[in-house]
$ cat model_17.cif   # mmCIF, C-alpha atoms
data_coords
#
loop_
_atom_site.group_PDB
_atom_site.id
_atom_site.type_symbol
_atom_site.label_atom_id
_atom_site.label_comp_id
_atom_site.auth_asym_id
_atom_site.auth_seq_id
_atom_site.Cartn_x
_atom_site.Cartn_y
_atom_site.Cartn_z
ATOM 1 C CA MET A 20 107.844 -155.503 -150.945
ATOM 2 C CA ASN A 21 108.847 -159.110 -151.326
ATOM 3 C CA LEU A 22 112.127 -160.024 -149.692
ATOM 4 C CA PRO A 23 114.047 -163.098 -150.751
ATOM 5 C CA PRO A 24 114.135 -165.816 -148.108
ATOM 6 C CA HIS A 25 117.028 -165.269 -145.754
ATOM 7 C CA ARG A 26 118.696 -168.249 -144.175
ATOM 8 C CA PHE A 27 119.773 -167.535 -140.633
ATOM 9 C CA ARG A 28 121.688 -170.221 -138.842
ATOM 10 C CA THR A 29 120.526 -171.223 -135.384
ATOM 11 C CA ILE A 30 122.732 -169.847 -132.611
ATOM 12 C CA MET A 31 122.890 -171.187 -129.072
ATOM 13 C CA TYR A 32 124.132 -169.133 -126.129
ATOM 14 C CA ARG A 33 124.984 -170.541 -122.743
ATOM 15 C CA PRO A 34 126.072 -168.551 -119.704
ATOM 16 C CA HIS A 35 129.845 -168.274 -119.457
ATOM 17 C CA TRP A 36 131.330 -170.131 -116.485
ATOM 18 C CA HIS A 37 132.223 -166.789 -114.894
ATOM 19 C CA GLN A 38 128.471 -166.330 -114.341
ATOM 20 C CA TRP A 39 128.729 -169.148 -111.800
ATOM 21 C CA ILE A 40 131.104 -166.999 -109.728
ATOM 22 C CA ILE A 41 128.603 -164.130 -109.828
ATOM 23 C CA SER A 42 125.569 -166.225 -108.946
ATOM 24 C CA GLN A 43 127.130 -168.746 -106.530
ATOM 25 C CA GLY A 44 130.246 -166.991 -105.189
ATOM 26 C CA PHE A 45 128.658 -165.690 -101.988
ATOM 27 C CA MET A 46 127.107 -169.067 -101.222
ATOM 28 C CA VAL A 47 130.474 -170.795 -101.654
ATOM 29 C CA LEU A 48 132.060 -168.355 -99.191
ATOM 30 C CA LEU A 49 129.228 -168.982 -96.725
ATOM 31 C CA PHE A 50 129.624 -172.745 -97.178
ATOM 32 C CA ILE A 51 133.361 -172.515 -96.426
ATOM 33 C CA ALA A 52 132.713 -170.293 -93.387
ATOM 34 C CA LEU A 53 130.199 -172.791 -91.975
ATOM 35 C CA LEU A 54 132.603 -175.699 -92.448
ATOM 36 C CA MET A 55 135.397 -173.726 -90.806
ATOM 37 C CA GLY A 56 133.067 -172.830 -87.936
ATOM 38 C CA ALA A 57 132.161 -176.497 -87.443
ATOM 39 C CA GLY A 58 135.824 -177.445 -87.381
ATOM 40 C CA TRP A 59 136.739 -174.846 -84.789
ATOM 41 C CA GLU A 60 138.208 -176.493 -81.665
ATOM 42 C CA GLY A 61 136.333 -174.361 -79.115
ATOM 43 C CA MET A 62 132.930 -174.888 -80.751
ATOM 44 C CA THR A 63 130.577 -177.009 -78.614
ATOM 45 C CA PHE A 64 127.533 -177.216 -80.878
ATOM 46 C CA LYS A 65 128.795 -178.280 -84.292
ATOM 47 C CA LEU A 66 125.617 -179.869 -85.634
ATOM 48 C CA PRO A 67 123.922 -176.569 -86.658
ATOM 49 C CA PHE A 68 127.028 -175.644 -88.654
ATOM 50 C CA TYR A 69 127.036 -178.986 -90.474
ATOM 51 C CA ILE A 70 123.305 -178.758 -91.185
ATOM 52 C CA GLY A 71 123.711 -175.200 -92.478
ATOM 53 C CA ALA A 72 126.671 -176.236 -94.652
ATOM 54 C CA ALA A 73 124.680 -179.178 -96.045
ATOM 55 C CA LEU A 74 121.724 -176.942 -96.945
ATOM 56 C CA ILE A 75 123.995 -174.369 -98.572
ATOM 57 C CA GLY A 76 125.788 -177.194 -100.410
ATOM 58 C CA VAL A 77 122.488 -178.421 -101.871
ATOM 59 C CA PHE A 78 121.649 -174.857 -102.918
ATOM 60 C CA ILE A 79 125.055 -174.501 -104.627
ATOM 61 C CA LEU A 80 124.629 -177.839 -106.411
ATOM 62 C CA TYR A 81 121.157 -176.896 -107.661
ATOM 63 C CA GLY A 82 122.341 -173.476 -108.869
ATOM 64 C CA THR A 83 125.313 -175.042 -110.639
ATOM 65 C CA LEU A 84 123.193 -177.656 -112.414
ATOM 66 C CA TYR A 85 120.545 -175.077 -113.364
ATOM 67 C CA LEU A 86 123.146 -172.735 -114.842
ATOM 68 C CA ASN A 87 124.760 -175.637 -116.694
ATOM 69 C CA LYS A 88 121.434 -176.672 -118.290
ATOM 70 C CA LEU A 89 120.352 -173.114 -119.231
ATOM 71 C CA ARG A 90 120.309 -172.441 -122.989
ATOM 72 C CA TYR A 91 119.255 -169.483 -125.105
ATOM 73 C CA ILE A 92 118.573 -170.492 -128.709
ATOM 74 C CA VAL A 93 118.111 -167.883 -131.453
ATOM 75 C CA THR A 94 116.501 -169.319 -134.591
ATOM 76 C CA ALA A 95 115.395 -167.489 -137.722
ATOM 77 C CA GLU A 96 111.979 -166.703 -136.179
ATOM 78 C CA GLN A 97 112.106 -167.366 -132.436
ATOM 79 C CA LEU A 98 114.107 -166.883 -129.283
ATOM 80 C CA ILE A 99 113.880 -170.050 -127.192
ATOM 81 C CA VAL A 100 114.912 -170.386 -123.547
ATOM 82 C CA GLU A 101 115.434 -173.927 -122.267
ATOM 83 C CA HIS A 102 115.785 -174.236 -118.504
ATOM 84 C CA GLY A 103 115.248 -176.593 -115.590
ATOM 85 C CA ILE A 104 116.887 -179.655 -114.101
ATOM 86 C CA LEU A 105 114.364 -182.314 -113.132
ATOM 87 C CA SER A 106 111.596 -180.737 -115.165
ATOM 88 C CA ARG A 107 112.766 -179.058 -118.379
ATOM 89 C CA SER A 108 110.803 -176.120 -119.782
ATOM 90 C CA SER A 109 111.060 -174.122 -122.983
ATOM 91 C CA ASP A 110 109.818 -170.559 -123.377
ATOM 92 C CA TYR A 111 109.352 -169.108 -126.859
ATOM 93 C CA ILE A 112 109.391 -165.494 -127.978
ATOM 94 C CA GLU A 113 108.477 -164.750 -131.569
ATOM 95 C CA LEU A 114 111.121 -162.372 -132.903
ATOM 96 C CA TYR A 115 108.586 -160.130 -134.639
ATOM 97 C CA ARG A 116 107.208 -159.303 -131.161
ATOM 98 C CA VAL A 117 110.526 -157.915 -129.852
ATOM 99 C CA VAL A 118 110.282 -154.151 -129.311
ATOM 100 C CA ASP A 119 113.496 -153.133 -127.530
ATOM 101 C CA PHE A 120 116.886 -154.241 -126.250
ATOM 102 C CA GLY A 121 119.155 -153.341 -123.374
ATOM 103 C CA GLU A 122 122.578 -154.257 -122.027
ATOM 104 C CA ARG A 123 123.661 -154.026 -118.384
ATOM 105 C CA ARG A 124 126.947 -154.722 -116.703
ATOM 106 C CA SER A 125 127.123 -154.927 -112.924
ATOM 107 C CA LEU A 126 130.446 -154.380 -111.184
ATOM 108 C CA MET A 127 131.106 -158.122 -110.956
ATOM 109 C CA GLU A 128 130.169 -158.565 -114.629
ATOM 110 C CA GLN A 129 132.587 -155.787 -115.578
ATOM 111 C CA LEU A 130 135.384 -157.428 -113.594
ATOM 112 C CA LEU A 131 134.732 -160.798 -115.231
ATOM 113 C CA GLY A 132 134.094 -159.499 -118.778
ATOM 114 C CA LEU A 133 130.398 -160.394 -118.942
ATOM 115 C CA LYS A 134 127.103 -158.611 -119.579
ATOM 116 C CA THR A 135 123.363 -159.164 -119.281
ATOM 117 C CA VAL A 136 121.296 -158.595 -122.421
ATOM 118 C CA SER A 137 117.624 -157.696 -121.884
ATOM 119 C CA ILE A 138 115.066 -158.395 -124.586
ATOM 120 C CA TYR A 139 111.722 -156.571 -124.289
ATOM 121 C CA SER A 140 108.795 -157.991 -126.213
ATOM 122 C CA GLY A 141 105.067 -157.746 -126.640
ATOM 123 C CA ASP A 142 104.813 -161.373 -125.539
ATOM 124 C CA ARG A 143 102.286 -161.843 -122.728
ATOM 125 C CA THR A 144 104.112 -164.566 -120.854
ATOM 126 C CA THR A 145 107.656 -163.206 -121.273
ATOM 127 C CA PRO A 146 107.612 -159.416 -121.661
ATOM 128 C CA ARG A 147 111.256 -159.208 -120.557
ATOM 129 C CA LEU A 148 113.951 -161.795 -120.983
ATOM 130 C CA ASP A 149 117.384 -161.410 -119.405
ATOM 131 C CA ILE A 150 120.184 -163.323 -121.078
ATOM 132 C CA ARG A 151 122.855 -163.509 -118.384
ATOM 133 C CA GLY A 152 126.507 -164.455 -118.551
ATOM 134 C CA ILE A 153 127.214 -163.323 -122.111
ATOM 135 C CA LYS A 154 130.778 -162.335 -122.985
ATOM 136 C CA GLU A 155 130.989 -158.571 -123.370
ATOM 137 C CA ARG A 156 132.502 -158.874 -126.883
ATOM 138 C CA SER A 157 129.550 -160.904 -128.160
ATOM 139 C CA ASP A 158 127.143 -158.914 -130.349
ATOM 140 C CA VAL A 159 123.935 -160.642 -129.253
ATOM 141 C CA VAL A 160 121.840 -157.496 -129.710
ATOM 142 C CA GLY A 161 123.067 -156.999 -133.280
ATOM 143 C CA ILE A 162 122.313 -160.587 -134.242
ATOM 144 C CA ILE A 163 118.824 -160.545 -132.731
ATOM 145 C CA ARG A 164 118.069 -157.042 -134.077
ATOM 146 C CA GLU A 165 118.839 -158.178 -137.643
ATOM 147 C CA ARG A 166 116.482 -161.131 -137.293
ATOM 148 C CA VAL A 167 113.770 -159.017 -135.639
ATOM 149 C CA ASN A 168 113.863 -156.471 -138.463
ATOM 150 C CA TYR A 169 113.739 -159.218 -141.090
ATOM 151 C CA ASN A 170 110.763 -160.932 -139.412
ATOM 152 C CA LYS A 171 108.871 -157.638 -139.060
ATOM 153 C CA THR A 172 109.517 -156.808 -142.719
ATOM 154 C CA ILE A 173 108.292 -160.135 -144.091
ATOM 155 C CA ARG A 174 105.157 -159.895 -141.921
ATOM 156 C CA ASN A 175 104.542 -156.238 -142.864
ATOM 157 C CA ILE A 176 104.716 -155.101 -139.251
ATOM 158 C CA TYR A 177 105.596 -151.433 -138.880
ATOM 159 C CA GLU A 178 106.025 -149.329 -135.764
ATOM 160 C CA PHE A 179 104.532 -145.856 -135.712
ATOM 161 C CA THR A 180 105.828 -143.226 -133.348
ATOM 162 C CA ASN A 181 104.251 -139.985 -132.286
ATOM 163 C CA THR A 182 106.673 -137.435 -133.710
ATOM 164 C CA LYS A 183 106.195 -133.788 -134.638
#
$ encode --input "model_17.cif" --output "structure tokens"
Amino acid sequence: MNLPPHRFRTIMYRPHWHQWIISQGFMVLLFIALLMGAGWEGMTFKLPFYIGAALIGVFILYGTLYLNKLRYIVTAEQLIVEHGILSRSSDYIELYRVVDFGERRSLMEQLLGLKTVSIYSGDRTTPRLDIRGIKERSDVVGIIRERVNYNKTIRNIYEFTNTK
């Protein structure tokens, strides 16, 4: 079976900004509480509060930059994850190796209209990839599934199941 070449356009996904609230929201509240504690009139030892707020502030800044630089790229044959701040890394998953998909929505994701898409593959280095911060209306699974099926067909890769 010879399929005509199919031209898929490259799609890039980035976490929605609401994902920042999910991943950094608690730290921001802690940061504010520490600053309020340091500014309290009756507080004698303010230095530990300022040090704690500074450390939490650095953590928030790092998490914000990391989330801003995170990219999921779906090409015709690969799923590429680009991540990192000072040192950038790219992880590749060949689409013909993908075996299953999943979607999860935590309570916070439901409230903010987001979801996490899980991609399960036969890849040794990345057997599971979670794509976080995707809008719930986005059909990421459908897009990747179409490309996975196409890549398996052109490579003559078939899955056999044990059925009766």
$ residues_around --input "model_17.cif" --residues "A:Val93" --least-positions-apart "6" --cutoff "10 Å" --atoms "all atoms listed in the file" --output "PDB file with C-alpha atoms, keeping the file's coordinate frame"
ATOM      1  CA  PHE A  27     119.773-167.535-140.633  1.00  0.00           C
ATOM      2  CA  ARG A  28     121.688-170.221-138.842  1.00  0.00           C
ATOM      3  CA  THR A  29     120.526-171.223-135.384  1.00  0.00           C
ATOM      4  CA  ILE A  30     122.732-169.847-132.611  1.00  0.00           C
ATOM      5  CA  MET A  31     122.890-171.187-129.072  1.00  0.00           C
ATOM      6  CA  TYR A  32     124.132-169.133-126.129  1.00  0.00           C
ATOM      7  CA  ILE A  99     113.880-170.050-127.192  1.00  0.00           C
ATOM      8  CA  VAL A 100     114.912-170.386-123.547  1.00  0.00           C
ATOM      9  CA  TYR A 111     109.352-169.108-126.859  1.00  0.00           C
ATOM     10  CA  ILE A 112     109.391-165.494-127.978  1.00  0.00           C
ATOM     11  CA  LEU A 114     111.121-162.372-132.903  1.00  0.00           C
ATOM     12  CA  VAL A 159     123.935-160.642-129.253  1.00  0.00           C
ATOM     13  CA  ILE A 162     122.313-160.587-134.242  1.00  0.00           C
ATOM     14  CA  ILE A 163     118.824-160.545-132.731  1.00  0.00           C
ATOM     15  CA  ARG A 166     116.482-161.131-137.293  1.00  0.00           C
TER      16      ARG A 166
END
$ resolve_selection --input "model_17.cif" --expression "the PyMOL selection byres ((chain A and resi 120) around 9)" --output "list in words"
Val117, Val118, Asp119, Gly121, Glu122, Val136, Ser137, Ile138, Tyr139, Ser140, Val160 and Arg164 of chain A
$ closest_residue --input "model_17.cif" --among "A:Arg107, A:His37, A:Lys88, A:Arg116" --to "A:Asn168" --atoms "all atoms listed in the file"
A:Arg116
$ resolve_selection --input "model_17.cif" --expression "the PyMOL selection byres ((chain A and resi 132) around 10)" --output "compact mmCIF listing (two decimals) with C-alpha atoms, in the frame of the given file"
# COMPACT_ATOMS: atom_id res chain seq x y z
CA HIS A 35 129.84 -168.27 -119.46
CA HIS A 37 132.22 -166.79 -114.89
CA GLN A 38 128.47 -166.33 -114.34
CA ARG A 124 126.95 -154.72 -116.70
CA LEU A 126 130.45 -154.38 -111.18
CA MET A 127 131.11 -158.12 -110.96
CA GLU A 128 130.17 -158.56 -114.63
CA GLN A 129 132.59 -155.79 -115.58
CA LEU A 130 135.38 -157.43 -113.59
CA LEU A 131 134.73 -160.80 -115.23
CA LEU A 133 130.40 -160.39 -118.94
CA LYS A 134 127.10 -158.61 -119.58
CA GLY A 152 126.51 -164.46 -118.55
CA ILE A 153 127.21 -163.32 -122.11
CA LYS A 154 130.78 -162.34 -122.98
CA GLU A 155 130.99 -158.57 -123.37
CA ARG A 156 132.50 -158.87 -126.88
$ resolve_selection --input "model_17.cif" --expression "the PyMOL selection byres ((chain A and resi 80) around 12)" --output "list in words"
Trp39, Ser42, Gln43, Met46, Val47, Phe50, Ala73, Leu74, Ile75, Gly76, Val77, Phe78, Ile79, Tyr81, Gly82, Thr83, Leu84, Tyr85, Leu86, Asn87 and Ile104 of chain A
$ closest_residue --input "model_17.cif" --among "A:Tyr169, A:Arg151, A:Trp59, A:Arg123" --to "A:Ile41" --atoms "all atoms listed in the file"
A:Arg151
$ closest_residue --input "model_17.cif" --among "A:Glu113, A:Gly61, A:Ile150, A:Gly44" --to "A:Lys171" --atoms "all atoms listed in the file"
A:Glu113
$ residues_near_point --input "model_17.cif" --point "(105.3, -155.0, -138.0)" --cutoff "9 Å" --atoms "all atoms listed in the file" --output "count of residues only"
12
$ atom_distance --input "model_17.cif" --atom1 "atom CA of A:Glu165" --atom2 "atom CA of A:Thr144"
23.2 Å
$ closest_residue --input "model_17.cif" --among "A:Asp142, A:Pro34, A:Gly161, A:Arg26" --to "A:His102" --atoms "only C-alpha atoms"
A:Pro34
$ decode --input "model_17.cif" --residues "stretch 24-53 of chain A" --atoms "N, CA and C atoms" --output "PDB file, in the first residue's frame"
ATOM      1  N   PRO A  24       2.343  11.236  -0.582  1.00  0.00           N
ATOM      2  CA  PRO A  24       2.948  12.044   0.485  1.00  0.00           C
ATOM      3  C   PRO A  24       1.936  13.048   1.027  1.00  0.00           C
ATOM      4  N   HIS A  25       1.870  13.123   2.317  1.00  0.00           N
ATOM      5  CA  HIS A  25       0.943  14.031   2.983  1.00  0.00           C
ATOM      6  C   HIS A  25       1.744  15.169   3.583  1.00  0.00           C
ATOM      7  N   ARG A  26       1.323  16.358   3.339  1.00  0.00           N
ATOM      8  CA  ARG A  26       2.043  17.522   3.856  1.00  0.00           C
ATOM      9  C   ARG A  26       1.336  18.051   5.094  1.00  0.00           C
ATOM     10  N   PHE A  27       1.952  17.776   6.238  1.00  0.00           N
ATOM     11  CA  PHE A  27       1.448  18.307   7.496  1.00  0.00           C
ATOM     12  C   PHE A  27       2.206  19.586   7.803  1.00  0.00           C
ATOM     13  N   ARG A  28       1.513  20.575   8.244  1.00  0.00           N
ATOM     14  CA  ARG A  28       2.212  21.795   8.652  1.00  0.00           C
ATOM     15  C   ARG A  28       2.704  21.627  10.088  1.00  0.00           C
ATOM     16  N   THR A  29       3.797  22.260  10.392  1.00  0.00           N
ATOM     17  CA  THR A  29       4.360  22.210  11.739  1.00  0.00           C
ATOM     18  C   THR A  29       3.518  23.075  12.667  1.00  0.00           C
ATOM     19  N   ILE A  30       3.188  22.505  13.836  1.00  0.00           N
ATOM     20  CA  ILE A  30       2.367  23.201  14.820  1.00  0.00           C
ATOM     21  C   ILE A  30       3.176  23.359  16.099  1.00  0.00           C
ATOM     22  N   MET A  31       3.110  24.552  16.685  1.00  0.00           N
ATOM     23  CA  MET A  31       3.811  24.785  17.943  1.00  0.00           C
ATOM     24  C   MET A  31       2.788  25.098  19.032  1.00  0.00           C
ATOM     25  N   TYR A  32       2.925  24.408  20.152  1.00  0.00           N
ATOM     26  CA  TYR A  32       2.086  24.654  21.324  1.00  0.00           C
ATOM     27  C   TYR A  32       2.954  25.226  22.425  1.00  0.00           C
ATOM     28  N   ARG A  33       2.402  26.188  23.117  1.00  0.00           N
ATOM     29  CA  ARG A  33       3.050  26.747  24.301  1.00  0.00           C
ATOM     30  C   ARG A  33       2.027  26.716  25.420  1.00  0.00           C
ATOM     31  N   PRO A  34       2.456  26.550  26.653  1.00  0.00           N
ATOM     32  CA  PRO A  34       1.495  26.568  27.756  1.00  0.00           C
ATOM     33  C   PRO A  34       0.757  27.907  27.807  1.00  0.00           C
ATOM     34  N   HIS A  35      -0.543  27.834  28.022  1.00  0.00           N
ATOM     35  CA  HIS A  35      -1.350  29.040  28.169  1.00  0.00           C
ATOM     36  C   HIS A  35      -0.911  29.755  29.436  1.00  0.00           C
ATOM     37  N   TRP A  36      -1.085  31.073  29.491  1.00  0.00           N
ATOM     38  CA  TRP A  36      -0.615  31.826  30.656  1.00  0.00           C
ATOM     39  C   TRP A  36      -1.344  31.425  31.932  1.00  0.00           C
ATOM     40  N   HIS A  37      -2.519  30.839  31.822  1.00  0.00           N
ATOM     41  CA  HIS A  37      -3.207  30.344  33.020  1.00  0.00           C
ATOM     42  C   HIS A  37      -2.401  29.244  33.727  1.00  0.00           C
ATOM     43  N   GLN A  38      -1.560  28.540  32.963  1.00  0.00           N
ATOM     44  CA  GLN A  38      -0.723  27.492  33.559  1.00  0.00           C
ATOM     45  C   GLN A  38       0.221  28.096  34.596  1.00  0.00           C
ATOM     46  N   TRP A  39       0.598  29.355  34.396  1.00  0.00           N
ATOM     47  CA  TRP A  39       1.457  30.033  35.364  1.00  0.00           C
ATOM     48  C   TRP A  39       0.753  30.117  36.711  1.00  0.00           C
ATOM     49  N   ILE A  40      -0.546  30.405  36.703  1.00  0.00           N
ATOM     50  CA  ILE A  40      -1.306  30.492  37.955  1.00  0.00           C
ATOM     51  C   ILE A  40      -1.293  29.139  38.660  1.00  0.00           C
ATOM     52  N   ILE A  41      -1.445  28.065  37.886  1.00  0.00           N
ATOM     53  CA  ILE A  41      -1.460  26.722  38.468  1.00  0.00           C
ATOM     54  C   ILE A  41      -0.095  26.369  39.047  1.00  0.00           C
ATOM     55  N   SER A  42       0.962  26.644  38.299  1.00  0.00           N
ATOM     56  CA  SER A  42       2.287  26.212  38.740  1.00  0.00           C
ATOM     57  C   SER A  42       2.951  27.173  39.733  1.00  0.00           C
ATOM     58  N   GLN A  43       2.624  28.458  39.672  1.00  0.00           N
ATOM     59  CA  GLN A  43       3.310  29.432  40.531  1.00  0.00           C
ATOM     60  C   GLN A  43       2.395  30.116  41.541  1.00  0.00           C
ATOM     61  N   GLY A  44       1.102  29.871  41.486  1.00  0.00           N
ATOM     62  CA  GLY A  44       0.146  30.575  42.339  1.00  0.00           C
ATOM     63  C   GLY A  44       0.435  30.447  43.823  1.00  0.00           C
ATOM     64  N   PHE A  45       0.717  29.241  44.292  1.00  0.00           N
ATOM     65  CA  PHE A  45       1.003  29.040  45.711  1.00  0.00           C
ATOM     66  C   PHE A  45       2.265  29.783  46.127  1.00  0.00           C
ATOM     67  N   MET A  46       3.277  29.756  45.277  1.00  0.00           N
ATOM     68  CA  MET A  46       4.527  30.444  45.608  1.00  0.00           C
ATOM     69  C   MET A  46       4.328  31.958  45.688  1.00  0.00           C
ATOM     70  N   VAL A  47       3.477  32.496  44.825  1.00  0.00           N
ATOM     71  CA  VAL A  47       3.194  33.936  44.875  1.00  0.00           C
ATOM     72  C   VAL A  47       2.500  34.285  46.182  1.00  0.00           C
ATOM     73  N   LEU A  48       1.547  33.459  46.608  1.00  0.00           N
ATOM     74  CA  LEU A  48       0.874  33.701  47.891  1.00  0.00           C
ATOM     75  C   LEU A  48       1.857  33.627  49.057  1.00  0.00           C
ATOM     76  N   LEU A  49       2.766  32.667  49.012  1.00  0.00           N
ATOM     77  CA  LEU A  49       3.783  32.540  50.056  1.00  0.00           C
ATOM     78  C   LEU A  49       4.714  33.749  50.058  1.00  0.00           C
ATOM     79  N   PHE A  50       5.097  34.208  48.870  1.00  0.00           N
ATOM     80  CA  PHE A  50       5.944  35.387  48.734  1.00  0.00           C
ATOM     81  C   PHE A  50       5.279  36.609  49.368  1.00  0.00           C
ATOM     82  N   ILE A  51       4.002  36.806  49.062  1.00  0.00           N
ATOM     83  CA  ILE A  51       3.251  37.943  49.625  1.00  0.00           C
ATOM     84  C   ILE A  51       3.145  37.821  51.145  1.00  0.00           C
ATOM     85  N   ALA A  52       2.890  36.595  51.627  1.00  0.00           N
ATOM     86  CA  ALA A  52       2.784  36.392  53.085  1.00  0.00           C
ATOM     87  C   ALA A  52       4.102  36.710  53.778  1.00  0.00           C
ATOM     88  N   LEU A  53       5.220  36.312  53.187  1.00  0.00           N
ATOM     89  CA  LEU A  53       6.527  36.606  53.791  1.00  0.00           C
ATOM     90  C   LEU A  53       6.808  38.103  53.803  1.00  0.00           C
TER      91      LEU A  53
END
